[in-house]
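**Student:** My structure is below; once you've seen it, I'll send some questions.
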Amino acid sequence: MLLSLNSGVSALEQFQQQLDVISNNIANVNTVGYKTASVSFADTLSETLGSNAAGSTQVGTGVTTAGISNDFTTGSLSATGTESDLAIKGNGFFVVKNPTSGASYVTQDGEFTVDANGYMVTSGGLRLQGSAGDIQITPGTTSTATVSGYTIGTDGTVTAQLSDGTTAAGGQITLQNFSNPDQLVKEGDNLYTTTAAAGGLATAATPGASGTGTIQSGELEMSNVDLASQLTALITTQRAYEANSKVVSTSNDVLQTLINLKQG
């Protein structure tokens with residue numbers, strides 16, 4: 001009877017974890033670049049009760065979480081009309097760097113702005129990286145003109161329009177690609193750190209090369225959470241949790257009956 005109790009308790013633990021994942025997906029339904037997470041389960045080691053001519057007799061001891069994976073398919077692109085908003089049409093991640101610590105991260109959140117020094121930065125101040133380092137929209141040290149506007153091409157080329165009618169190169173944005181992005185580590189703020197298991201490129205690539213997508217300026221990649229499917233999963237998880245709560249309750253009642261018989 002203890003096996004049924006263990007199975008029920010293990011299920012409650014795993015379905016609680018699934019509920020946590022689903023609730024986080026729903027909470028991030030409008031988060032730019034968010035990727036849907038899902039839980040996969042596996043049965044735990046069975047207990048062998050005996051064997052006969054037909055084979056061994058085994059009873060399972062419950063369920064465990066095999067892993068939590070992320071769906072890295074591209075979310076829908078939403079037009080914003082803001083030149084610094086960038087979306088990747090296809091595979092790839094933007095590379096951003098902390099100017100103080102030098103730590104690098106990757107992200108699919110392309111909601112960048114241009115700071116007072118002309119650097120393209122995330123909401124947290126991390127600088128967007130390109131083929132020559134930080135992407136900076138400036139006219140150059142020898143020019144007295146100011147930046148009146150800029151464009152970003154699908155290949156990541158940044159071109160600044162200057163007040164004197166000329167243009168200046170602002171660098172070229174590069175993208176990192178991974179053969180196994182599920183091995184990236186979430187760091188919050190839509191950022192990931194890379195691992196060897198993720199299988200990234202040796203160096204970041206020009207958009208459109210090495211399996212990366214192209215850059216769409218004036219657009220953002222939205223969350224790929226399917227709200228309808230998450231709500232369905234929420235109901236299913238709730239029902240499974242309730243069913244296993246009943247298993248625990250029934251097992252407890254049977255154990256209490258056995259105890260009463262012994263004491264009687």
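Note on naming: chains are A, B, ... as they come in the structure tokens, residues start from 1 per chain, ligands start from 1 in the order shown.
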Check segment 49-249 of chain A with DSSP on the backbone and list each residue it calls strand (DSSP E), as a ChimeraX atom specification.
**Tutor:** /A:49-52,55-59,63-70,77-79,86-89,93-97,104-107,113-114,120-121,127-130,133-134,147-152,157-162,167-172,175-176,185-188,191-193,214-217,219-221
**Student:** Show which residues sit within 7 Å of segment 11-14 of chain A, as a list in words. Count only C-alpha atoms, and ignore same-chain residues fewer than 6 positions away.
**Tutor:**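 Here the qualifying residues turn out to be Gly62, Val63, Thr64, Thr65, Tyr241 and Asn244 of chain A.
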**Student:** Looking at A:Leu77, A:Leu86, A:Ile173, A:Leu3, which one is nearest to Pro207 of chain A, with distances taken over only C-alpha atoms?
**Tutor:**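 Residue with the minimum atom-to-atom distance to Pro207 of chain A: A:Ile173.
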**Student:** Can you tell me, as a VMD selection string, what residues are no more than 12 Å from Ala205 of chain A when counting only C-alpha atoms, ignoring any on the same chain fewer than 4 positions away?
**Tutor:** chain A and resid 91 to 95 129 to 132 155 to 156 172 to 178 200 to 201 209 to 214
**Student:** Using only C-alpha atoms, determine which residues lie at most 8 Å from Leu227 of chain A, disregarding the query and same-chain residues fewer than 4 positions distant; provide the list as a PyMOL selection string.
**Tutor:** chain A and resi 26+29+231
**Student:** Mind checking which residues fall within 12 Å of segment 157-160 of chain A, counting only C-alpha atoms, ignoring those fewer than 2 positions away in the same chain, and posting them as a PyMOL selection string?
**Tutor:** chain A and resi 83-84+86+118-120+128-132+134-140+145-155+162-174+206-208+214-217
**Student:** I want to know what sits within 10 Å of segment 249-255 of chain A, based on only C-alpha atoms, with residues of the same chain fewer than 2 positions away left out; could you give that as an MDAnalysis selection string?
**Tutor:** chainID A and resid 1:6 8 243:247 257:261
**Student:** Any chance you could export the current selection's C-alpha atoms as a PDB file, in the first residue's frame?
**Tutor:**
ATOM      1  CA  MET A   1       0.000   0.000   0.000  1.00  0.00           C
ATOM      2  CA  LEU A   2       2.952   2.276   0.603  1.00  0.00           C
ATOM      3  CA  LEU A   3       3.786   2.012  -3.110  1.00  0.00           C
ATOM      4  CA  SER A   4       0.479   3.603  -4.081  1.00  0.00           C
ATOM      5  CA  LEU A   5       1.084   6.355  -1.548  1.00  0.00           C
ATOM      6  CA  ASN A   6       4.575   6.977  -2.928  1.00  0.00           C
ATOM      7  CA  GLY A   8       0.527   9.481  -5.616  1.00  0.00           C
ATOM      8  CA  ALA A 243      -6.917  12.448  -9.362  1.00  0.00           C
ATOM      9  CA  ASN A 244      -3.607  11.821  -7.651  1.00  0.00           C
ATOM     10  CA  SER A 245      -4.766  13.701  -4.578  1.00  0.00           C
ATOM     11  CA  LYS A 246      -7.538  11.104  -4.442  1.00  0.00           C
ATOM     12  CA  VAL A 247      -4.946   8.319  -4.727  1.00  0.00           C
ATOM     13  CA  THR A 257      -7.860   0.878   8.342  1.00  0.00           C
ATOM     14  CA  LEU A 258      -4.903  -1.514   8.657  1.00  0.00           C
ATOM     15  CA  ILE A 259      -3.671   0.299  11.723  1.00  0.00           C
ATOM     16  CA  ASN A 260      -7.113   0.118  13.300  1.00  0.00           C
ATOM     17  CA  LEU A 261      -7.291  -3.638  12.568  1.00  0.00           C
TER      18      LEU A 261
END
**Student:** Can you tell me, as a PyMOL selection string, which residues in segment 19-264 of chain A count as alpha helix (DSSP H) by DSSP?
**Tutor:** chain A and resi 19-27+227-263
**Student:** Write a file of the selected residues as a short mmCIF file (atom, residue, chain, number, x, y, z; two decimals), in the first residue's frame, keeping N, CA and C atoms.
**Tutor:**
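Output (result-v9.cif):
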data_model
loop_
_atom_site.label_atom_id
_atom_site.label_comp_id
_atom_site.auth_asym_id
_atom_site.auth_seq_id
_atom_site.Cartn_x
_atom_site.Cartn_y
_atom_site.Cartn_z
N LEU A 19 2.56 22.60 -13.35
CA LEU A 19 1.72 23.77 -13.15
C LEU A 19 2.56 25.03 -13.08
N ASP A 20 3.72 24.95 -12.44
CA ASP A 20 4.62 26.11 -12.37
C ASP A 20 5.08 26.53 -13.76
N VAL A 21 5.42 25.53 -14.60
CA VAL A 21 5.89 25.82 -15.95
C VAL A 21 4.77 26.44 -16.79
N ILE A 22 3.58 25.87 -16.71
CA ILE A 22 2.44 26.39 -17.48
C ILE A 22 2.12 27.81 -17.06
N SER A 23 2.10 28.06 -15.75
CA SER A 23 1.78 29.40 -15.27
C SER A 23 2.82 30.42 -15.72
N ASN A 24 4.08 29.99 -15.78
CA ASN A 24 5.13 30.90 -16.26
C ASN A 24 4.95 31.19 -17.75
N ASN A 25 4.55 30.17 -18.53
CA ASN A 25 4.27 30.40 -19.95
C ASN A 25 3.15 31.42 -20.13
N ILE A 26 2.07 31.23 -19.38
CA ILE A 26 0.93 32.14 -19.50
C ILE A 26 1.32 33.55 -19.06
N ALA A 27 2.13 33.65 -18.01
CA ALA A 27 2.57 34.97 -17.54
C ALA A 27 3.39 35.70 -18.58
N LEU A 227 -1.69 30.54 -26.21
CA LEU A 227 -2.48 30.67 -24.98
C LEU A 227 -3.56 29.60 -24.87
N ALA A 228 -4.20 29.27 -25.99
CA ALA A 228 -5.27 28.27 -25.96
C ALA A 228 -4.74 26.91 -25.51
N SER A 229 -3.60 26.49 -26.05
CA SER A 229 -3.04 25.19 -25.68
C SER A 229 -2.56 25.19 -24.24
N GLN A 230 -2.07 26.32 -23.76
CA GLN A 230 -1.62 26.40 -22.37
C GLN A 230 -2.79 26.32 -21.39
N LEU A 231 -3.91 26.93 -21.75
CA LEU A 231 -5.09 26.85 -20.90
C LEU A 231 -5.64 25.42 -20.88
N THR A 232 -5.58 24.75 -22.03
CA THR A 232 -5.99 23.34 -22.08
C THR A 232 -5.09 22.49 -21.20
N ALA A 233 -3.77 22.73 -21.29
CA ALA A 233 -2.81 21.99 -20.46
C ALA A 233 -3.03 22.29 -18.98
N LEU A 234 -3.42 23.52 -18.68
CA LEU A 234 -3.69 23.91 -17.29
C LEU A 234 -4.85 23.09 -16.71
N ILE A 235 -5.91 22.93 -17.50
CA ILE A 235 -7.06 22.15 -17.05
C ILE A 235 -6.69 20.68 -16.88
N THR A 236 -5.95 20.14 -17.86
CA THR A 236 -5.53 18.74 -17.79
C THR A 236 -4.66 18.48 -16.56
N THR A 237 -3.75 19.40 -16.30
CA THR A 237 -2.86 19.26 -15.14
C THR A 237 -3.66 19.32 -13.84
N GLN A 238 -4.63 20.23 -13.80
CA GLN A 238 -5.47 20.34 -12.61
C GLN A 238 -6.22 19.04 -12.34
N ARG A 239 -6.77 18.45 -13.41
CA ARG A 239 -7.52 17.20 -13.26
C ARG A 239 -6.59 16.06 -12.79
N ALA A 240 -5.40 16.01 -13.36
CA ALA A 240 -4.44 14.98 -12.97
C ALA A 240 -4.03 15.16 -11.51
N TYR A 241 -3.85 16.41 -11.10
CA TYR A 241 -3.48 16.69 -9.71
C TYR A 241 -4.59 16.23 -8.77
N GLU A 242 -5.83 16.53 -9.14
CA GLU A 242 -6.96 16.12 -8.32
C GLU A 242 -7.06 14.60 -8.22
N ALA A 243 -6.83 13.92 -9.35
CA ALA A 243 -6.92 12.45 -9.36
C ALA A 243 -5.86 11.84 -8.45
N ASN A 244 -4.67 12.37 -8.50
CA ASN A 244 -3.61 11.82 -7.65
C ASN A 244 -3.77 12.23 -6.19
N SER A 245 -4.41 13.35 -5.96
CA SER A 245 -4.77 13.70 -4.58
C SER A 245 -5.71 12.64 -4.00
N LYS A 246 -6.61 12.16 -4.86
CA LYS A 246 -7.54 11.10 -4.44
C LYS A 246 -6.79 9.80 -4.16
N VAL A 247 -5.77 9.51 -4.97
CA VAL A 247 -4.95 8.32 -4.73
C VAL A 247 -4.27 8.40 -3.36
N VAL A 248 -3.71 9.55 -3.04
CA VAL A 248 -3.04 9.74 -1.75
C VAL A 248 -4.04 9.60 -0.61
N SER A 249 -5.21 10.23 -0.80
CA SER A 249 -6.24 10.17 0.23
C SER A 249 -6.73 8.74 0.46
N THR A 250 -6.97 8.01 -0.62
CA THR A 250 -7.43 6.62 -0.51
C THR A 250 -6.38 5.74 0.14
N SER A 251 -5.13 5.89 -0.27
CA SER A 251 -4.03 5.10 0.32
C SER A 251 -3.92 5.38 1.81
N ASN A 252 -4.09 6.62 2.17
CA ASN A 252 -4.03 6.98 3.59
C ASN A 252 -5.18 6.34 4.36
N ASP A 253 -6.37 6.32 3.75
CA ASP A 253 -7.52 5.70 4.41
C ASP A 253 -7.31 4.21 4.61
N VAL A 254 -6.75 3.54 3.60
CA VAL A 254 -6.50 2.09 3.70
C VAL A 254 -5.46 1.81 4.77
N LEU A 255 -4.42 2.64 4.84
CA LEU A 255 -3.39 2.46 5.86
C LEU A 255 -3.99 2.65 7.26
N GLN A 256 -4.87 3.64 7.36
CA GLN A 256 -5.51 3.88 8.65
C GLN A 256 -6.38 2.69 9.06
N THR A 257 -7.05 2.07 8.07
CA THR A 257 -7.86 0.88 8.34
C THR A 257 -7.00 -0.26 8.85
N LEU A 258 -5.83 -0.45 8.22
CA LEU A 258 -4.90 -1.51 8.66
C LEU A 258 -4.41 -1.28 10.07
N ILE A 259 -4.14 -0.04 10.38
CA ILE A 259 -3.67 0.30 11.72
C ILE A 259 -4.76 0.00 12.74
N ASN A 260 -6.00 0.37 12.39
CA ASN A 260 -7.11 0.12 13.30
C ASN A 260 -7.33 -1.37 13.52
N LEU A 261 -7.15 -2.20 12.44
CA LEU A 261 -7.29 -3.64 12.57
C LEU A 261 -6.26 -4.22 13.51
N LYS A 262 -5.05 -3.69 13.41
CA LYS A 262 -3.98 -4.19 14.27
C LYS A 262 -4.23 -3.82 15.74
N GLN A 263 -4.79 -2.64 15.94
CA GLN A 263 -5.02 -2.18 17.30
C GLN A 263 -6.29 -2.80 17.90
#
